[in-house]
Structures are given as structure tokens and as C-alpha cells.
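To keep things clear, I will list the structure first and then write my remarks on it.
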Amino acid sequence: MAIDDSSSTTFFAPWPDRLRHAAIILLVAAIALSVLVALSELCIAAAALVPWRLHNAVTSREDVRGVNPVEAAAVSAVVAGMPDPAVLLDRAGRVLHLNTAAAQLAPALRKNELAQFALRSPEIITALREAIATTEPRRATYLDHVPVDRWMELIITPVPVPTLFGGTDKCMLMTFHDQTPLRRVEEMRADFVANASHELRTPLAALSGFIDTLQGPAKDDAKARERFLGIMHTQATRMARLIDDLLSLSRVELSAHVRPDTSVDLVPIIRQVADGLEPLARERQVAIEIDLPEPPVTIPGDREELLRLFENLIENALKYGASGGRVIVSLVRAVSTEGAPEVRVLVRDFGPGIAPEHLPRLTERFYRVDVGDSRAQGGTGLGLSLVKHIVNRHRGRLLIESVPKNGATFTACFPQAKPPQSA
Ligand code: ADP
């Protein structure tokens, strides 16, 4: 049976066979090309639509942050009004708002720039990345060295900001908290414990050394025993004194905020201290000259603390200023720099004095100009610190003046008691 394909070949019929095949291929290729062109135009149209949608998304965010003037101004005002340095970031870490304190602390922080570039510490960058990823608060330490060392704790808190379309946009609130005073107190406490234990360990080691010697090699040596017992007594006294000073210091510190209100007469207190130190003065061949007024000089004070204060000052003058041969203790009435009447007790010696670089540090705990000399004199390094605390509790001032080779003057200034109101 023959198949009639005359209809499909009618158009190409007069063409030779090879030409007919080539024409069919060309036609198919042309159709395919037109389909491709149509498709690619569709793609371009779709691609053109994408930025338009993205742009819409950006503007919707802008509506929330930037363009909506009321909300933006309110957020900016809240950040500006925070007492600590504060920065509001978007979820990429870009700065949206920052207050003046933050700009001063980290001048590299700029609006619309990434905070990661400004705060280049790896710890901060990790904390920021984690806060963004987990939407949980993160903490890091920010160290500032100019103009002085400062330790800041940085807290990154994710804050969901509602958008105009009912969703939430995640922002990061970064606040800095100054930990420097706490850090310093911690350092001081650690130093204090280290110093106190060192001061106690030294006489304790000497005591146990002598006990071993007395139980061993010097067991039957009566002369050595006598000498060693003398040294042990000195060391035990030193430990007792140190513990005494430590306890007094902590007592005064505990009551630092409560100003003493009992009226005390300074004249008999100073006399009692000077009389008590007469044996030491004789031993050091120093004459104590006392220049006190006759009528009572009263201030609101704590008698025990004032005894301790004058004892420390006069004893120091006798110990460290002995070479001068005399110590003058005087009391004068004066007027403070603020114009308020005050009572000043001056303890002056004529010894070697103190070099100016030591003066600002003399009232620090355990600070000594010459550690060996202080220990040899039975000092603990706590006396002037105690003096300063007592003066402070009495709302007074301690002045230290010294001319090297020409002695030192320690002046305790106390505000004068107000005269009784006449009825
Ligand atoms: P210490 O127990 O060592 O006497 P203080 O706190 O009373 O401790 O005094 C601290 C240091 O101040 C002393 O070690 C001494 O070096 C110095 N100092 C105190 N008073 C005088 C003084 N009148 N003259 C010279 N140096 C003094």
C-alpha cells in the first residue's frame, strides 16, 4: 500500500533534495531562536522586577527607622538621653544612632558605618556576631587607654523593633558601663591581702625558725636561748601591732560615713599622748615641746581615734625625725580655704625630712619611704593610712609638708565645733 505524502512536500517539491533539507533545518533553527529571544526577554523583565521588590523591602525598613520621622526622632532621643555611652545598630551591625558619650569614647564609630570596623577587638566582634545570630544578650570588655586606662563592660542587647507591617526588625543596643572604679577597688583589695599576708608571714617565719633552733641545735645553750627569746618577743610584738593596726583601720573604714558627734577637748588628748611617748622620746634623745592653748579646744570627735591619730604622728616624728633632737607639737586656730573656722594640730620634727616624690603616696597602706628602716623601727606601714582615715571621718584634712634635710610637718585640720546657739 502506497502512502501519499504529497501535502507535506508540496512547498518544497520543486526544490532539489539537498536544498529542501537545508531549508527545513534553517526554519527549525529560526523558530528555536525566536522562542529563546522571547524567553530571555521574560528573564530580563523578571530580573528588573527583583530590585524593585528589594527596593520596596528596603523602603519598608526605612519607613520604620529613617523615614518615619516621629519614630526615628524618638529612638534617637532615647539613645541620646542614655547616661552611659550607647549605640543602636541594625542587624548587620551598622550604626543607626549613637549618643555623645559613645562618640567620645570611640570616635571611630560613625553613623551608617559598621561598628565592627570601629571597635576592632576580636572579643567585641565575636560578641556582636553571636548576639545577631542568637538574638541573646552578649557581654564583652572594652579597654580604653587614652587619656587614662579605663575598663568598660560592653553589653549588646538585641531589641526587636516593630515594623509598620506588623513584623519585627531586629536591632542591637550596645551600651558601655564603666567598671574602672570597681576594678581599682578589686586591685586594691588584692594588693592589700597580698601585703598583709606578706607582712605577717615574715615575723611568723622568723618565729618558727627560732622555735626549731631552740628545739634542736640551741637546746642546751642558755645564752642563745636568752637572745633568741628576745628576738621572738620583738617579732610577736610586731605581729600583734600589725593585727591591731589592721583592725583599727577596718573599724574606722566601717564607720567612715558616720561623723563623730561627741564634743571632745583636744588639749588633754594631746597631753596624754605626749606623756605616754616620753619613754620613747628619752630613748631616742628627743625633746618633745608642747605648745597648747589654755582654754579647752573642743571639736566633735571620737576620743579613742584621736588618741590613735596623735600617737601615730608623734611616734613617727620621734622615730624618723630623731636626728633633729626635737619635736614640736602645737595647736592653732585658723580658717580653712573655704573660710570656715578650724583647729590645726601640727607635729613638727627636724629630722631628714621626706623627698617630695614620696609625699603624695605616704598615706597609702603599706607605703614606706624605706621599708628596712620602717621595719627596724617596728613600723607596719599602716600608721599614716589610719591617720588619714581618722581625719577624713572627722571631716578634716591632713597636710604633709617637708623640706628634705630640714624635717617634716604633719598637720591635722579639724572643723571647729559650732558655738552653742544663744536662746
Ligand atoms: P610606719 O609604720 O612604717 O611608720 P607610717 O604609715 O606611719 O608607717 O609611715 C609611712 C612612712 O612614712 C614611714 O615608713 C616613713 O618612711 C615615712 N615617714 C612618716 N613620718 C615621717 C617623718 N616624720 N619623717 C620622715 N619620714 C616619715
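Chain labels run A, B, ... following the order of the C-alpha cells; each chain numbers its residues from 1, and ligands are numbered from 1 in the order shown.
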
Taking only residues of chain A that have an atom at most 7 Å from an atom of ligand 1, what is each one's shortest atom pair and its distance in Å to one decimal, using only C-alpha atoms and all ligand atoms, in chain and number order, as a Markdown table?
```
| residue | atom | partner | partner_atom_place_in_ligand_line | distance |
| --- | --- | --- | --- | --- |
| A:Asn312 | CA | ligand 1 | 7 (O) | 6.2 |
| A:Leu313 | CA | ligand 1 | 20 (N) | 6.9 |
| A:Asn316 | CA | ligand 1 | 20 (N) | 4.6 |
| A:Ala317 | CA | ligand 1 | 23 (N) | 4.0 |
| A:Tyr320 | CA | ligand 1 | 24 (N) | 4.6 |
| A:Gly321 | CA | ligand 1 | 24 (N) | 5.1 |
| A:Asp349 | CA | ligand 1 | 23 (N) | 6.2 |
| A:Gly351 | CA | ligand 1 | 24 (N) | 6.4 |
| A:Pro352 | CA | ligand 1 | 25 (C) | 6.5 |
| A:Gly353 | CA | ligand 1 | 25 (C) | 4.9 |
| A:Ile354 | CA | ligand 1 | 25 (C) | 5.2 |
| A:Leu362 | CA | ligand 1 | 12 (O) | 5.4 |
| A:Thr363 | CA | ligand 1 | 6 (O) | 6.1 |
| A:Arg365 | CA | ligand 1 | 6 (O) | 6.9 |
| A:Phe366 | CA | ligand 1 | 6 (O) | 6.7 |
| A:Tyr367 | CA | ligand 1 | 10 (C) | 5.7 |
| A:Arg368 | CA | ligand 1 | 14 (O) | 3.7 |
| A:Val369 | CA | ligand 1 | 16 (O) | 3.8 |
| A:Asp370 | CA | ligand 1 | 16 (O) | 5.2 |
| A:Val371 | CA | ligand 1 | 14 (O) | 6.3 |
| A:Ser374 | CA | ligand 1 | 3 (O) | 4.3 |
| A:Arg375 | CA | ligand 1 | 3 (O) | 6.7 |
| A:Gly378 | CA | ligand 1 | 2 (O) | 6.9 |
| A:Gly379 | CA | ligand 1 | 2 (O) | 3.1 |
| A:Thr380 | CA | ligand 1 | 2 (O) | 3.7 |
| A:Gly381 | CA | ligand 1 | 8 (O) | 3.2 |
| A:Leu382 | CA | ligand 1 | 6 (O) | 4.4 |
| A:Gly383 | CA | ligand 1 | 7 (O) | 3.6 |
| A:Leu384 | CA | ligand 1 | 6 (O) | 3.7 |
| A:Ser385 | CA | ligand 1 | 6 (O) | 5.7 |
| A:Gly407 | CA | ligand 1 | 24 (N) | 6.6 |
| A:Ala408 | CA | ligand 1 | 23 (N) | 5.4 |
```

Taking N, CA and C atoms for each residue, export the selection above as an mmCIF file, in the first residue's frame.
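Generated file (result.cif):
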```
data_model
loop_
_atom_site.group_PDB
_atom_site.id
_atom_site.type_symbol
_atom_site.label_atom_id
_atom_site.label_comp_id
_atom_site.auth_asym_id
_atom_site.auth_seq_id
_atom_site.Cartn_x
_atom_site.Cartn_y
_atom_site.Cartn_z
ATOM 1 N N ASN A 312 50.245 58.158 116.431
ATOM 2 C CA ASN A 312 50.961 57.814 115.201
ATOM 3 C C ASN A 312 51.847 58.951 114.717
ATOM 4 N N LEU A 313 51.297 60.184 114.736
ATOM 5 C CA LEU A 313 52.071 61.324 114.217
ATOM 6 C C LEU A 313 53.282 61.619 115.092
ATOM 7 N N ASN A 316 55.893 58.777 114.886
ATOM 8 C CA ASN A 316 56.657 58.860 113.629
ATOM 9 C C ASN A 316 57.724 59.940 113.718
ATOM 10 N N ALA A 317 57.342 61.099 114.289
ATOM 11 C CA ALA A 317 58.303 62.205 114.400
ATOM 12 C C ALA A 317 59.481 61.783 115.287
ATOM 13 N N TYR A 320 61.363 58.706 113.017
ATOM 14 C CA TYR A 320 62.038 59.055 111.756
ATOM 15 C C TYR A 320 62.743 60.401 111.808
ATOM 16 N N GLY A 321 62.360 61.234 112.790
ATOM 17 C CA GLY A 321 62.991 62.567 112.852
ATOM 18 C C GLY A 321 63.900 62.699 114.057
ATOM 19 N N ASP A 349 58.974 67.872 113.137
ATOM 20 C CA ASP A 349 60.278 67.343 113.564
ATOM 21 C C ASP A 349 61.370 67.997 112.734
ATOM 22 N N GLY A 351 64.144 66.209 111.564
ATOM 23 C CA GLY A 351 64.965 65.101 111.052
ATOM 24 C C GLY A 351 65.307 65.256 109.581
ATOM 25 N N PRO A 352 65.512 64.122 108.883
ATOM 26 C CA PRO A 352 65.961 64.175 107.479
ATOM 27 C C PRO A 352 64.876 64.623 106.506
ATOM 28 N N GLY A 353 63.629 64.645 106.957
ATOM 29 C CA GLY A 353 62.538 65.056 106.046
ATOM 30 C C GLY A 353 62.210 63.966 105.048
ATOM 31 N N ILE A 354 61.336 64.313 104.118
ATOM 32 C CA ILE A 354 60.854 63.316 103.140
ATOM 33 C C ILE A 354 60.974 63.914 101.742
ATOM 34 N N LEU A 362 52.365 58.785 100.837
ATOM 35 C CA LEU A 362 52.640 58.389 102.222
ATOM 36 C C LEU A 362 51.441 57.781 102.937
ATOM 37 N N THR A 363 50.222 58.207 102.557
ATOM 38 C CA THR A 363 49.046 57.706 103.289
ATOM 39 C C THR A 363 48.476 56.423 102.669
ATOM 40 N N ARG A 365 48.255 52.470 102.114
ATOM 41 C CA ARG A 365 48.544 51.357 103.023
ATOM 42 C C ARG A 365 49.854 50.675 102.639
ATOM 43 N N PHE A 366 50.659 50.414 103.599
ATOM 44 C CA PHE A 366 51.933 49.710 103.479
ATOM 45 C C PHE A 366 52.976 50.486 102.694
ATOM 46 N N TYR A 367 52.722 51.771 102.428
ATOM 47 C CA TYR A 367 53.731 52.544 101.707
ATOM 48 C C TYR A 367 54.769 53.057 102.700
ATOM 49 N N ARG A 368 56.016 52.775 102.417
ATOM 50 C CA ARG A 368 57.100 53.290 103.257
ATOM 51 C C ARG A 368 58.185 53.880 102.370
ATOM 52 N N VAL A 369 58.853 54.910 102.884
ATOM 53 C CA VAL A 369 59.945 55.503 102.117
ATOM 54 C C VAL A 369 61.100 54.494 102.101
ATOM 55 N N ASP A 370 61.362 53.907 103.256
ATOM 56 C CA ASP A 370 62.451 52.935 103.370
ATOM 57 C C ASP A 370 61.913 51.758 104.185
ATOM 58 N N VAL A 371 61.626 50.644 103.484
ATOM 59 C CA VAL A 371 60.963 49.508 104.136
ATOM 60 C C VAL A 371 61.817 48.973 105.284
ATOM 61 N N SER A 374 61.676 51.277 108.297
ATOM 62 C CA SER A 374 60.373 51.198 108.955
ATOM 63 C C SER A 374 60.272 49.926 109.797
ATOM 64 N N ARG A 375 60.705 48.790 109.214
ATOM 65 C CA ARG A 375 60.626 47.522 109.962
ATOM 66 C C ARG A 375 61.527 47.577 111.182
ATOM 67 N N GLY A 378 59.976 49.044 113.986
ATOM 68 C CA GLY A 378 58.739 48.378 114.428
ATOM 69 C C GLY A 378 57.513 48.898 113.697
ATOM 70 N N GLY A 379 57.726 49.540 112.540
ATOM 71 C CA GLY A 379 56.596 50.115 111.791
ATOM 72 C C GLY A 379 55.840 49.053 110.999
ATOM 73 N N THR A 380 54.586 49.368 110.700
ATOM 74 C CA THR A 380 53.763 48.431 109.919
ATOM 75 C C THR A 380 53.440 49.001 108.537
ATOM 76 N N GLY A 381 53.667 50.294 108.360
ATOM 77 C CA GLY A 381 53.311 50.924 107.080
ATOM 78 C C GLY A 381 51.833 51.285 107.007
ATOM 79 N N LEU A 382 51.136 51.142 108.135
ATOM 80 C CA LEU A 382 49.697 51.428 108.131
ATOM 81 C C LEU A 382 49.355 52.699 108.903
ATOM 82 N N GLY A 383 50.332 53.222 109.659
ATOM 83 C CA GLY A 383 50.066 54.342 110.566
ATOM 84 C C GLY A 383 49.443 55.558 109.884
ATOM 85 N N LEU A 384 50.070 56.042 108.806
ATOM 86 C CA LEU A 384 49.565 57.268 108.177
ATOM 87 C C LEU A 384 48.257 57.024 107.431
ATOM 88 N N SER A 385 48.071 55.782 106.967
ATOM 89 C CA SER A 385 46.802 55.453 106.326
ATOM 90 C C SER A 385 45.678 55.557 107.363
ATOM 91 N N GLY A 407 63.498 68.383 108.142
ATOM 92 C CA GLY A 407 62.343 67.927 108.901
ATOM 93 C C GLY A 407 61.039 67.876 108.138
ATOM 94 N N ALA A 408 60.007 67.454 108.850
ATOM 95 C CA ALA A 408 58.671 67.308 108.243
ATOM 96 C C ALA A 408 57.627 67.840 109.212
#
```

If you count only C-alpha atoms, which residues fall within 8 Å of stretch 78-95 of chain A, apart from same-chain ones fewer than 5 positions away, as a list in words?
->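 Those residues are Thr100, Ala101, Ala102, Ala103, Leu105, Leu109, Arg110, Lys111, Asn112, Glu113, Leu114, Ala115, Gln116, Leu128, Ile132, Lys170, Cys171, Met172, Leu173, Met174, Thr175, Phe176 and His177 of chain A.
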
Using backbone DSSP assignments, extract all alpha helix (DSSP H) residues from stretch 266-313 of chain A; output them as a PyMOL selection string.
-> chain A and resi 266-276+278-283+303-313

Pairwise distance for atom CA of A:His389 and atom CA of A:Glu253, rounded to one decimal in Å |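 A separation of 6.9 Å between them.
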
Return the single residue from A:Val403, A:Asp149, A:Pro203, A:Leu143 that is closest to A:His233, with distances computed using only C-alpha atoms.
-> A:Pro203

All residues 10 Å or closer to A:Val286, only C-alpha atoms, same chain fewer than 3 positions away omitted, as an MDAnalysis selection string | chainID A and resid 278 280:283 289 317:319 321:327 349

Go ahead and save the residues from that selection, with N, CA, C and O atoms, as a PDB file, in the first residue's frame.
```pdb
ATOM      1  N   GLU A 278      56.825  59.735 126.221  1.00  0.00           N
ATOM      2  CA  GLU A 278      58.032  60.287 126.858  1.00  0.00           C
ATOM      3  C   GLU A 278      59.164  59.258 126.943  1.00  0.00           C
ATOM      4  O   GLU A 278      60.311  59.579 126.604  1.00  0.00           O
ATOM      5  N   LEU A 280      59.817  56.771 124.929  1.00  0.00           N
ATOM      6  CA  LEU A 280      60.403  56.617 123.590  1.00  0.00           C
ATOM      7  C   LEU A 280      61.261  57.840 123.257  1.00  0.00           C
ATOM      8  O   LEU A 280      62.366  57.717 122.710  1.00  0.00           O
ATOM      9  N   ALA A 281      60.754  59.038 123.635  1.00  0.00           N
ATOM     10  CA  ALA A 281      61.499  60.273 123.353  1.00  0.00           C
ATOM     11  C   ALA A 281      62.849  60.237 124.077  1.00  0.00           C
ATOM     12  O   ALA A 281      63.893  60.609 123.513  1.00  0.00           O
ATOM     13  N   ARG A 282      62.837  59.764 125.333  1.00  0.00           N
ATOM     14  CA  ARG A 282      64.096  59.691 126.094  1.00  0.00           C
ATOM     15  C   ARG A 282      65.047  58.708 125.441  1.00  0.00           C
ATOM     16  O   ARG A 282      66.229  58.995 125.255  1.00  0.00           O
ATOM     17  N   GLU A 283      64.467  57.559 125.033  1.00  0.00           N
ATOM     18  CA  GLU A 283      65.309  56.531 124.398  1.00  0.00           C
ATOM     19  C   GLU A 283      65.973  57.080 123.133  1.00  0.00           C
ATOM     20  O   GLU A 283      67.123  56.809 122.839  1.00  0.00           O
ATOM     21  N   GLU A 289      58.439  69.304 122.623  1.00  0.00           N
ATOM     22  CA  GLU A 289      57.987  70.636 123.087  1.00  0.00           C
ATOM     23  C   GLU A 289      56.506  70.755 122.770  1.00  0.00           C
ATOM     24  O   GLU A 289      56.099  70.527 121.620  1.00  0.00           O
ATOM     25  N   ALA A 317      57.342  61.099 114.289  1.00  0.00           N
ATOM     26  CA  ALA A 317      58.303  62.205 114.400  1.00  0.00           C
ATOM     27  C   ALA A 317      59.481  61.783 115.287  1.00  0.00           C
ATOM     28  O   ALA A 317      60.646  62.106 114.983  1.00  0.00           O
ATOM     29  N   LEU A 318      59.194  61.020 116.358  1.00  0.00           N
ATOM     30  CA  LEU A 318      60.265  60.575 117.252  1.00  0.00           C
ATOM     31  C   LEU A 318      61.135  59.514 116.579  1.00  0.00           C
ATOM     32  O   LEU A 318      62.348  59.482 116.770  1.00  0.00           O
ATOM     33  N   LYS A 319      60.496  58.646 115.786  1.00  0.00           N
ATOM     34  CA  LYS A 319      61.244  57.547 115.158  1.00  0.00           C
ATOM     35  C   LYS A 319      62.056  58.028 113.955  1.00  0.00           C
ATOM     36  O   LYS A 319      63.250  57.794 113.850  1.00  0.00           O
ATOM     37  N   GLY A 321      62.360  61.234 112.790  1.00  0.00           N
ATOM     38  CA  GLY A 321      62.991  62.567 112.852  1.00  0.00           C
ATOM     39  C   GLY A 321      63.900  62.699 114.057  1.00  0.00           C
ATOM     40  O   GLY A 321      64.249  63.822 114.451  1.00  0.00           O
ATOM     41  N   ALA A 322      64.308  61.552 114.637  1.00  0.00           N
ATOM     42  CA  ALA A 322      65.090  61.569 115.887  1.00  0.00           C
ATOM     43  C   ALA A 322      66.371  62.383 115.751  1.00  0.00           C
ATOM     44  O   ALA A 322      66.772  63.093 116.688  1.00  0.00           O
ATOM     45  N   SER A 323      66.973  62.333 114.556  1.00  0.00           N
ATOM     46  CA  SER A 323      68.270  63.015 114.401  1.00  0.00           C
ATOM     47  C   SER A 323      68.146  64.522 114.632  1.00  0.00           C
ATOM     48  O   SER A 323      69.138  65.196 114.942  1.00  0.00           O
ATOM     49  N   GLY A 324      66.958  65.069 114.500  1.00  0.00           N
ATOM     50  CA  GLY A 324      66.758  66.514 114.702  1.00  0.00           C
ATOM     51  C   GLY A 324      66.786  66.901 116.181  1.00  0.00           C
ATOM     52  O   GLY A 324      66.925  68.087 116.504  1.00  0.00           O
ATOM     53  N   GLY A 325      66.583  65.936 117.074  1.00  0.00           N
ATOM     54  CA  GLY A 325      66.690  66.189 118.516  1.00  0.00           C
ATOM     55  C   GLY A 325      65.463  66.851 119.144  1.00  0.00           C
ATOM     56  O   GLY A 325      65.370  66.919 120.360  1.00  0.00           O
ATOM     57  N   ARG A 326      64.533  67.371 118.366  1.00  0.00           N
ATOM     58  CA  ARG A 326      63.334  67.969 118.971  1.00  0.00           C
ATOM     59  C   ARG A 326      62.093  67.780 118.098  1.00  0.00           C
ATOM     60  O   ARG A 326      62.185  67.696 116.867  1.00  0.00           O
ATOM     61  N   VAL A 327      60.983  67.720 118.805  1.00  0.00           N
ATOM     62  CA  VAL A 327      59.692  67.589 118.114  1.00  0.00           C
ATOM     63  C   VAL A 327      58.761  68.615 118.753  1.00  0.00           C
ATOM     64  O   VAL A 327      58.686  68.708 119.974  1.00  0.00           O
ATOM     65  N   ASP A 349      58.974  67.872 113.137  1.00  0.00           N
ATOM     66  CA  ASP A 349      60.278  67.343 113.564  1.00  0.00           C
ATOM     67  C   ASP A 349      61.370  67.997 112.734  1.00  0.00           C
ATOM     68  O   ASP A 349      61.088  68.697 111.757  1.00  0.00           O
TER      69      ASP A 349
END
```
